[in-house]
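What follows is the content of target05.pdb (PDB, C-alpha atoms and all ligand atoms).
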MODEL        1
ATOM      1  CA  VAL A   1     -18.788   3.162  15.706
ATOM      2  CA  LYS A   2     -19.122   6.173  13.433
ATOM      3  CA  TYR A   3     -15.928   7.432  11.789
ATOM      4  CA  ASP A   4     -14.825  10.905  12.939
ATOM      5  CA  GLU A   5     -13.617  12.835   9.899
ATOM      6  CA  GLY A   6     -11.911  15.345  12.183
ATOM      7  CA  ASN A   7      -9.340  12.906  13.590
ATOM      8  CA  ILE A   8      -5.676  13.809  13.115
ATOM      9  CA  PHE A   9      -4.901  10.997  10.639
ATOM     10  CA  ALA A  10      -7.877  12.017   8.454
ATOM     11  CA  LYS A  11      -6.353  15.522   8.398
ATOM     12  CA  ILE A  12      -2.978  14.049   7.410
ATOM     13  CA  ILE A  13      -4.606  12.084   4.546
ATOM     14  CA  ARG A  14      -6.338  15.270   3.337
ATOM     15  CA  GLY A  15      -3.062  17.200   3.594
ATOM     16  CA  GLU A  16      -4.423  19.609   6.223
ATOM     17  CA  VAL A  17      -1.786  18.505   8.728
ATOM     18  CA  LYS A  18       1.823  17.927   7.684
ATOM     19  CA  SER A  19       3.575  14.608   8.059
ATOM     20  CA  THR A  20       6.888  13.097   7.059
ATOM     21  CA  LYS A  21       5.737  10.604   4.480
ATOM     22  CA  ILE A  22       7.549   7.310   4.017
ATOM     23  CA  TYR A  23       5.214   5.773   1.442
ATOM     24  CA  GLU A  24       1.987   6.786  -0.251
ATOM     25  CA  ASP A  25      -0.284   5.389  -2.936
ATOM     26  CA  GLU A  26      -3.977   5.593  -3.744
ATOM     27  CA  TYR A  27      -5.009   3.277  -0.907
ATOM     28  CA  LEU A  28      -2.541   3.697   1.890
ATOM     29  CA  LEU A  29      -0.190   6.094   3.619
ATOM     30  CA  ALA A  30       2.839   5.609   5.868
ATOM     31  CA  PHE A  31       4.422   8.465   7.807
ATOM     32  CA  GLU A  32       6.732   8.989  10.762
ATOM     33  CA  ASP A  33       5.224   8.973  14.247
ATOM     34  CA  ILE A  34       5.735  12.397  15.886
ATOM     35  CA  ASN A  35       6.623  10.757  19.180
ATOM     36  CA  LYS A  36       9.028   8.011  18.214
ATOM     37  CA  SER A  37       9.496   4.942  20.391
ATOM     38  CA  ALA A  38      12.320   3.596  18.174
ATOM     39  CA  PRO A  39      14.644   4.963  15.452
ATOM     40  CA  VAL A  40      12.139   3.601  12.951
ATOM     41  CA  HIS A  41       8.588   4.338  14.114
ATOM     42  CA  VAL A  42       6.195   4.567  11.215
ATOM     43  CA  ILE A  43       2.401   4.784  11.252
ATOM     44  CA  ILE A  44       0.729   2.839   8.436
ATOM     45  CA  ILE A  45      -2.903   3.567   7.572
ATOM     46  CA  PRO A  46      -5.401   2.686   4.897
ATOM     47  CA  LYS A  47      -6.902   5.814   3.301
ATOM     48  CA  GLY A  48     -10.409   4.408   3.749
ATOM     49  CA  GLN A  49     -12.497   5.409   6.739
ATOM     50  CA  PHE A  50     -11.918   2.638   9.293
ATOM     51  CA  VAL A  51     -11.940   3.333  13.013
ATOM     52  CA  SER A  52      -9.968   0.315  14.179
ATOM     53  CA  PHE A  53      -8.428  -3.013  13.217
ATOM     54  CA  CYS A  54     -11.757  -4.776  13.794
ATOM     55  CA  ASP A  55     -13.637  -2.190  11.741
ATOM     56  CA  PHE A  56     -11.104  -2.638   8.912
ATOM     57  CA  THR A  57     -11.165  -6.432   8.926
ATOM     58  CA  SER A  58     -14.988  -6.466   9.140
ATOM     59  CA  HIS A  59     -15.729  -3.849   6.492
ATOM     60  CA  ALA A  60     -12.832  -3.619   4.028
ATOM     61  CA  SER A  61     -12.842  -5.888   0.974
ATOM     62  CA  GLU A  62     -10.606  -8.956   0.728
ATOM     63  CA  THR A  63      -8.592  -7.075  -1.895
ATOM     64  CA  GLN A  64      -8.140  -4.039   0.363
ATOM     65  CA  ILE A  65      -7.076  -6.211   3.280
ATOM     66  CA  SER A  66      -4.558  -8.263   1.345
ATOM     67  CA  TYR A  67      -3.194  -5.170  -0.419
ATOM     68  CA  PHE A  68      -2.732  -3.463   2.942
ATOM     69  CA  PHE A  69      -0.727  -6.335   4.427
ATOM     70  CA  LYS A  70       1.389  -6.906   1.323
ATOM     71  CA  THR A  71       2.239  -3.209   1.174
ATOM     72  CA  ILE A  72       3.324  -3.242   4.825
ATOM     73  CA  SER A  73       5.945  -5.806   3.793
ATOM     74  CA  LYS A  74       7.070  -3.565   0.945
ATOM     75  CA  ILE A  75       7.479  -0.684   3.373
ATOM     76  CA  ALA A  76       9.583  -2.895   5.679
ATOM     77  CA  LYS A  77      11.836  -3.702   2.708
ATOM     78  CA  LYS A  78      12.059  -0.034   1.784
ATOM     79  CA  LEU A  79      13.085   0.816   5.360
ATOM     80  CA  ASP A  80      15.633  -2.027   5.334
ATOM     81  CA  ILE A  81      14.318  -3.657   8.506
ATOM     82  CA  VAL A  82      13.392  -7.080   7.147
ATOM     83  CA  ASP A  83      16.683  -8.752   8.143
ATOM     84  CA  SER A  84      17.236  -6.787  11.348
ATOM     85  CA  GLY A  85      13.599  -7.281  12.419
ATOM     86  CA  PHE A  86      10.696  -5.104  13.374
ATOM     87  CA  ARG A  87       7.546  -5.028  15.474
ATOM     88  CA  LEU A  88       4.058  -4.367  14.138
ATOM     89  CA  VAL A  89       1.477  -3.195  16.684
ATOM     90  CA  THR A  90      -2.114  -2.047  16.509
ATOM     91  CA  ASN A  91      -4.051  -0.692  19.449
ATOM     92  CA  ASN A  92      -7.728  -1.579  19.072
ATOM     93  CA  GLY A  93     -10.032   0.280  21.427
ATOM     94  CA  ALA A  94     -10.037   1.560  24.979
ATOM     95  CA  ASP A  95      -8.180  -1.184  26.859
ATOM     96  CA  ALA A  96      -5.328  -0.879  24.357
ATOM     97  CA  SER A  97      -5.353   2.928  24.777
ATOM     98  CA  GLN A  98      -6.018   3.580  21.086
ATOM     99  CA  SER A  99      -5.747   7.368  20.915
ATOM    100  CA  VAL A 100      -6.421   8.093  17.229
ATOM    101  CA  PRO A 101      -9.711   6.656  15.905
ATOM    102  CA  HIS A 102      -8.397   5.805  12.439
ATOM    103  CA  PHE A 103      -7.066   2.249  12.087
ATOM    104  CA  HIS A 104      -3.265   2.156  12.059
ATOM    105  CA  PHE A 105      -0.288  -0.073  12.580
ATOM    106  CA  HIS A 106       2.845   1.087  14.330
ATOM    107  CA  MET A 107       5.973  -0.296  12.644
ATOM    108  CA  LEU A 108       8.964  -0.217  14.982
ATOM    109  CA  GLY A 109      12.519  -1.064  14.086
ATOM    110  CA  LYS A 110      16.269  -0.343  14.285
ATOM    111  CA  LYS A 111      16.105  -0.904  18.010
ATOM    112  CA  LYS A 112      16.646  -4.078  20.034
ATOM    113  CA  MET A 113      13.346  -4.375  21.891
ATOM    114  CA  GLU A 114      14.005  -6.229  25.105
ATOM    115  CA  GLU A 115      10.559  -5.874  26.572
ATOM    116  CA  LYS A 116       7.875  -8.209  25.475
ATOM    117  CA  LEU A 117       4.230  -8.064  26.423
ATOM    118  CA  LEU A 118       3.818 -11.676  25.314
TER     119      LEU A 118
HETATM  120  P1  LIG B   1      -2.417   4.964  19.188
HETATM  121  O1  LIG B   1      -2.216   5.289  20.633
HETATM  122  O2  LIG B   1      -2.124   3.546  18.824
HETATM  123  O3  LIG B   1      -3.761   5.452  18.682
HETATM  124  O4  LIG B   1      -1.269   5.766  18.417
HETATM  125  C1  LIG B   1      -1.402   7.043  17.938
HETATM  126  C2  LIG B   1      -0.010   7.484  17.514
HETATM  127  O5  LIG B   1      -0.155   8.592  16.647
HETATM  128  C3  LIG B   1       0.905   7.926  18.661
HETATM  129  O6  LIG B   1       2.087   7.130  18.650
HETATM  130  C4  LIG B   1       1.204   9.398  18.332
HETATM  131  O7  LIG B   1       2.525   9.760  18.633
HETATM  132  C5  LIG B   1       0.934   9.457  16.833
HETATM  133  N1  LIG B   1       0.547  10.768  16.344
HETATM  134  C6  LIG B   1      -0.410  11.592  16.841
HETATM  135  N2  LIG B   1      -0.487  12.710  16.101
HETATM  136  C7  LIG B   1       0.412  12.583  15.100
HETATM  137  C8  LIG B   1       0.816  13.409  14.009
HETATM  138  N3  LIG B   1       0.269  14.606  13.811
HETATM  139  N4  LIG B   1       1.793  12.957  13.190
HETATM  140  C9  LIG B   1       2.364  11.764  13.398
HETATM  141  N5  LIG B   1       2.035  10.941  14.403
HETATM  142  C10 LIG B   1       1.087  11.342  15.242
ENDMDL
END
Show me this structure written as structure tokens.
Ligand code: AMP
Amino acid sequence: VKYDEGNIFAKIIRGEVKSTKIYEDEYLLAFEDINKSAPVHVIIIPKGQFVSFCDFTSHASETQISYFFKTISKIAKKLDIVDSGFRLVTNNGADASQSVPHFHFHMLGKKKMEEKLL
């Protein structure tokens, strides 16, 4: 799948669309979801052009992948949701209703989530 440089998260990375940033470095960006499903609802994205989780894990380097996951943990610490708990979700493709074609994780916390899909 070809990466669409016009997607909303690409615009956020380029600074063309505003976001409430939680964390940013050279490789990755975390910002608040505009339509929150929990008091903490943060979108975490690599700055590289990856359409989905599978695109990221297939085409990013080992270093990029491990840096991405380790930094997610740092963000959880920064948000103080390590002890209380949080949920990490990625929607990959049509059946999961992925709506933005730039790989992202949703980080949800500060809410007792009763419903479980599995
Ligand atoms: P998904 O359905 O997994 O692709 O999730 C896309 C998420 O991006 C949704 O939860 C939207 O609320 C969120 N979203 C869309 N546009 C923006 C935006 N401009 N700023 C922050 N979050 C956004």
Checklist entry - If you count all atoms listed in the file, which residues end up within 9 Å of ligand LIG 1 (chain B), as a ChimeraX atom specification? => result /A:8-9,11-12,17-20,31-37,41-43,89-93,96-106
Checklist entry - Using all atoms listed in the file, which residue out of A:Phe86, A:Lys47, A:Asp4, A:Tyr23 lies closest to Lys74 (chain A)? => result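 Ranking A:Phe86, A:Lys47, A:Asp4, A:Tyr23 by distance to Lys74 (chain A), first place goes to A:Tyr23.
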Checklist entry - Between A:Ser52, A:Glu115, A:Phe69, A:Ile44, which is the closest to Ala94 (chain A) once you count all atoms listed in the file? => result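 Among the listed residues, A:Ser52 lies closest to Ala94 (chain A).
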Next on the checklist: Please return as an MDAnalysis selection string every residue within 10 Å of (9.4, -0.5, 5.6), taking into account all atoms listed in the file and the file's own coordinates.
Outcome noted: chainID A and resid 22:23 30 40:42 44 71:82 86 107:109
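A straight line drawn from CA of Ile45 (chain A) to CA of Leu28 (chain A) is 5.7 Å long.
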Checklist entry - Quick one, how far is CA of Tyr67 (chain A) from CA of Phe53 (chain A)? => result 14.8 Å
Checklist entry - Between CA of Lys111 (chain A) and CA of Ile65 (chain A), what is the distance, to one decimal in Å? => result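 These atoms are spaced 28.0 Å apart.
If all atoms listed in the file are the atoms counted, then among A:Lys2, A:Lys21, A:Lys112, A:Arg14 the closest residue to Ser84 (chain A) is A:Lys112.
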Quick one: everything within 7 Å of Tyr3 (chain A), counting all atoms listed in the file, minus sequence neighbours fewer than 5 positions away in the same chain. Send it as an mmCIF file with C-alpha atoms, in the coordinates of the input.
data_model
loop_
_atom_site.group_PDB
_atom_site.id
_atom_site.type_symbol
_atom_site.label_atom_id
_atom_site.label_comp_id
_atom_site.auth_asym_id
_atom_site.auth_seq_id
_atom_site.Cartn_x
_atom_site.Cartn_y
_atom_site.Cartn_z
ATOM 1 C CA GLN A 49 -12.497 5.409 6.739
ATOM 2 C CA PHE A 50 -11.918 2.638 9.293
ATOM 3 C CA VAL A 51 -11.940 3.333 13.013
#
Per-axis box centre and lengths in Å around region 78-95 of chain A, 5 Å margin per side, axis-aligned, as AutoDock Vina command-line options:
--center_x 3.6 --center_y -3.6 --center_z 14.3 --size_x 37.3 --size_y 20.3 --size_z 35.1
